Amino acid sequence: IILPPSTQSSAPIAPREAIFIVDTSGSMSGVSIAQAREAVTFALSRLKPGDRFNVIEFNSVTRPLFTAPMPVDRSTLARARTFVAGLRADGGTEMKPALTAALSAPIVDGFVRQVVFITDGAGCNEQELLDLIDARAGSRRLFTVGIGPGPNTWFLRKAAQLGRGTATFISDVRDVKSRMTELYAKLENPALTDIGVTWSAPADAYPRAVPDLYAGEPIVLTAQFATPLVSLSLTGRRGGQVWGELLPLASGQPAEGIAALWARDRIETLSDAMVDGDKDTIRPMIVATALEHHLVSAFTSLVAVDVTPARPAGAISEPSAIPLDMPSGYEVPDTLGALPQTATPAPLLFGLALAMTLVACAALALTRRKQSRSITLAARVKAAREWC
C-alpha cells in the first residue's frame, strides 16, 4: 500500500488546464442534470488566474464553449457560468466525439492537464470509449464524476483507471459541494505523480500502470514472486521535484486474503486484455487463476443448489413479469411516458422504417392501380375489336 506523504511539498503548484465534459443526454433529466450544473459551477469557482479551461457539452451532438482551452479571467468565467446555467437534458448519448475533442486539445507546456468527465455513463459503446481513452490520454489525467442515482460505476471506474485519475460518485444533490471539494483538493495538489515501482525480484504485479497518488486515497499494489523479495523501490514527482524511496520488505508478515486480492487484480487485467488479445490463450489463464483461488469470473461461478421443492409436484410453472423500481431521483418527462432511449438511434430508425413502409405501401397501391387500369383498357379494346 502506498500512502500519501504526511507533509505537503513546498514546491510551487503548476497551473492547470482543466476541461469539463458534461453529459446532457435524456438519461440525465431530473436531479442528475441539476447535480451536473452545480458540479461544474463549483469547479469553475476553483479555477485560478494562470489556469486554462474549457467546457464541452454533449448529447446527440457535441457543443464546446470555446474552440480551445482559454485563460481564466472575469470574461471567460462569466461566459462559462452562463453556458452551464443553460444546460438542459435532451437527446441521445454520443460520448465519443466529446471525449475525442477533450483528449485532442493542443498540448501547451507548463500546464498540468486534467479532464473532468461528468456523466451517468448510460452509453452502449463502453469498450470503444475505453480504447479511445487508453490511446489518447497520454499525459492528461481523466477524472470521472458519476452523477445521479444509477451511474454506470464499472465504466466510470475503468475510464478513470485508464486515464490515471480517480472516480467520484454523487447520488444526492446535497452532496455535490462536499464531494466536489474532495475531488478538487486532489486535483489541485496531487501527492505523487509519475510513480514508478521496481521490485528486487521478478514479480507478477498489478496494476500494470500505477496511477497518481492523492491525499486520502492510498494505492494498493499486489504482486506474486517466484523468489523471496528483499526490497521495493518507489520513484515519482512531488510538487515538480523528483522523489524516491527504498522500502525494505524482509520483515513482511503473511496475512490471509492477500493471495485472493492479487488473483482478483490478475483476473481483471487479463479480462481487459481479452478485448484485443488472443482470447483462446487468455481464457484458460483466467479460469486457472479463478479456480485456484475460488473466485467468480466471466468463466467461473460459485453455485449453490437447493433441493427443497419450490412448488407442488406436477404443477405447471407460468412466466410472470416482475415490476422493477425506478432509481431514486429519476424523472420521466410527461411527453415521453417512459425512460429516454439514449445511446442508440432506435427512435430515428423506427421512424425511418415506418416512413419507408408507408412509401412502399403507397408505391404498391399505385402500381396495382396502374395495372388495373391497363387491364381494363386492354379489355375494352378487345371488346371493341370483336364488336367490329
# chains A, B, ... in the order shown; residues from 1 in each chain; ligands from 1
call {"tool": "residues_around", "arguments": {"residues": "Ile19 in chain A", "least_positions_apart": "5", "cutoff": "7 Å", "atoms": "only C-alpha atoms", "output": "VMD selection string"}}
result
chain A and resid 53 to 55 102 114 to 116
call {"tool": "closest_atom_pairs", "arguments": {"of": "range 82-113 of chain A", "to": "range 155-172 of chain A", "cutoff": "12 Å", "atoms": "only C-alpha atoms", "output": "JSON lines"}}
result
{"residue": "A:Leu99", "atom": "CA", "partner": "A:Ala159", "partner_atom": "CA", "distance": 11.0}
{"residue": "A:Leu103", "atom": "CA", "partner": "A:Gly163", "partner_atom": "CA", "distance": 10.4}
{"residue": "A:Arg113", "atom": "CA", "partner": "A:Gly165", "partner_atom": "CA", "distance": 11.3}
call {"tool": "select_by_dssp", "arguments": {"residues": "range 205-342 of chain A", "states": "strand (DSSP E)", "output": "PyMOL selection string"}}
result
chain A and resi 205-206+222-225+231-238+241-248
call {"tool": "select_by_dssp", "arguments": {"residues": "range 26-186 of chain A", "states": "alpha helix (DSSP H)", "output": "PyMOL selection string"}}
result
chain A and resi 31-45+74-85+95-103+126-136+153-162+176-186
call {"tool": "write_last_selection", "arguments": {"atoms": "C-alpha atoms", "output": "mmCIF file, in the first residue's frame"}}
result
data_model
loop_
_atom_site.group_PDB
_atom_site.id
_atom_site.type_symbol
_atom_site.label_atom_id
_atom_site.label_comp_id
_atom_site.auth_asym_id
_atom_site.auth_seq_id
_atom_site.Cartn_x
_atom_site.Cartn_y
_atom_site.Cartn_z
ATOM 1 C CA VAL A 31 -31.975 15.527 -10.450
ATOM 2 C CA SER A 32 -28.943 14.398 -12.492
ATOM 3 C CA ILE A 33 -28.749 17.489 -14.711
ATOM 4 C CA ALA A 34 -29.193 19.720 -11.650
ATOM 5 C CA GLN A 35 -26.255 17.947 -10.000
ATOM 6 C CA ALA A 36 -24.159 18.301 -13.152
ATOM 7 C CA ARG A 37 -24.794 22.052 -13.401
ATOM 8 C CA GLU A 38 -23.936 22.567 -9.744
ATOM 9 C CA ALA A 39 -20.804 20.405 -10.012
ATOM 10 C CA VAL A 40 -19.421 22.365 -12.984
ATOM 11 C CA THR A 41 -20.332 25.722 -11.455
ATOM 12 C CA PHE A 42 -18.439 24.744 -8.316
ATOM 13 C CA ALA A 43 -15.465 23.533 -10.373
ATOM 14 C CA LEU A 44 -15.299 26.855 -12.207
ATOM 15 C CA SER A 45 -15.112 28.679 -8.866
ATOM 16 C CA ARG A 74 -13.559 37.511 -15.490
ATOM 17 C CA SER A 75 -14.915 37.444 -19.059
ATOM 18 C CA THR A 76 -14.298 33.751 -19.807
ATOM 19 C CA LEU A 77 -15.680 32.671 -16.415
ATOM 20 C CA ALA A 78 -18.835 34.760 -16.934
ATOM 21 C CA ARG A 79 -19.408 33.135 -20.335
ATOM 22 C CA ALA A 80 -18.844 29.699 -18.795
ATOM 23 C CA ARG A 81 -21.325 30.263 -15.977
ATOM 24 C CA THR A 82 -23.977 31.415 -18.458
ATOM 25 C CA PHE A 83 -23.253 28.381 -20.655
ATOM 26 C CA VAL A 84 -23.567 25.969 -17.715
ATOM 27 C CA ALA A 85 -26.758 27.571 -16.387
ATOM 28 C CA MET A 95 -19.771 10.315 -25.732
ATOM 29 C CA LYS A 96 -17.034 9.597 -28.268
ATOM 30 C CA PRO A 97 -16.943 12.993 -30.067
ATOM 31 C CA ALA A 98 -16.809 14.833 -26.731
ATOM 32 C CA LEU A 99 -14.005 12.661 -25.355
ATOM 33 C CA THR A 100 -12.129 12.932 -28.644
ATOM 34 C CA ALA A 101 -12.359 16.729 -28.530
ATOM 35 C CA ALA A 102 -11.138 16.878 -24.922
ATOM 36 C CA LEU A 103 -8.262 14.450 -25.448
ATOM 37 C CA GLU A 126 -18.136 1.229 -23.496
ATOM 38 C CA GLN A 127 -15.156 -0.689 -24.900
ATOM 39 C CA GLU A 128 -14.762 1.695 -27.827
ATOM 40 C CA LEU A 129 -14.637 4.607 -25.384
ATOM 41 C CA LEU A 130 -12.131 2.833 -23.125
ATOM 42 C CA ASP A 131 -9.896 2.122 -26.127
ATOM 43 C CA LEU A 132 -10.073 5.812 -27.046
ATOM 44 C CA ILE A 133 -9.084 6.888 -23.529
ATOM 45 C CA ASP A 134 -6.233 4.386 -23.416
ATOM 46 C CA ALA A 135 -4.888 5.592 -26.768
ATOM 47 C CA ARG A 136 -5.389 9.360 -26.363
ATOM 48 C CA THR A 153 -19.940 2.516 -11.996
ATOM 49 C CA TRP A 154 -17.948 -0.129 -13.894
ATOM 50 C CA PHE A 155 -17.401 2.065 -16.937
ATOM 51 C CA LEU A 156 -16.605 5.191 -14.900
ATOM 52 C CA ARG A 157 -14.102 3.378 -12.678
ATOM 53 C CA LYS A 158 -12.427 1.727 -15.662
ATOM 54 C CA ALA A 159 -12.251 5.023 -17.581
ATOM 55 C CA ALA A 160 -10.621 6.715 -14.585
ATOM 56 C CA GLN A 161 -8.184 3.811 -14.247
ATOM 57 C CA LEU A 162 -7.075 4.078 -17.876
ATOM 58 C CA VAL A 176 -22.353 17.924 -4.683
ATOM 59 C CA LYS A 177 -20.352 20.598 -2.843
ATOM 60 C CA SER A 178 -18.689 18.226 -0.358
ATOM 61 C CA ARG A 179 -17.818 15.579 -2.967
ATOM 62 C CA MET A 180 -16.523 18.133 -5.482
ATOM 63 C CA THR A 181 -14.497 19.823 -2.716
ATOM 64 C CA GLU A 182 -12.814 16.490 -2.014
ATOM 65 C CA LEU A 183 -12.151 15.956 -5.709
ATOM 66 C CA TYR A 184 -10.632 19.389 -6.218
ATOM 67 C CA ALA A 185 -8.445 19.080 -3.151
ATOM 68 C CA LYS A 186 -6.844 16.167 -5.007
#
call {"tool": "atom_distance", "arguments": {"atom1": "CA of Asp280 in chain A", "atom2": "CA of Ala203 in chain A"}}
result
24.3 Å
call {"tool": "residues_around", "arguments": {"residues": "range 221-235 of chain A", "least_positions_apart": "5", "cutoff": "10 Å", "atoms": "only C-alpha atoms", "output": "ChimeraX atom specification"}}
result
/A:1-2,192-208,210,242-252,258-266
call {"tool": "atom_distance", "arguments": {"atom1": "CA of Phe117 in chain A", "atom2": "CA of Leu87 in chain A"}}
result
15.2 Å
call {"tool": "atom_distance", "arguments": {"atom1": "CA of Pro71 in chain A", "atom2": "CA of Phe143 in chain A"}}
result
20.8 Å
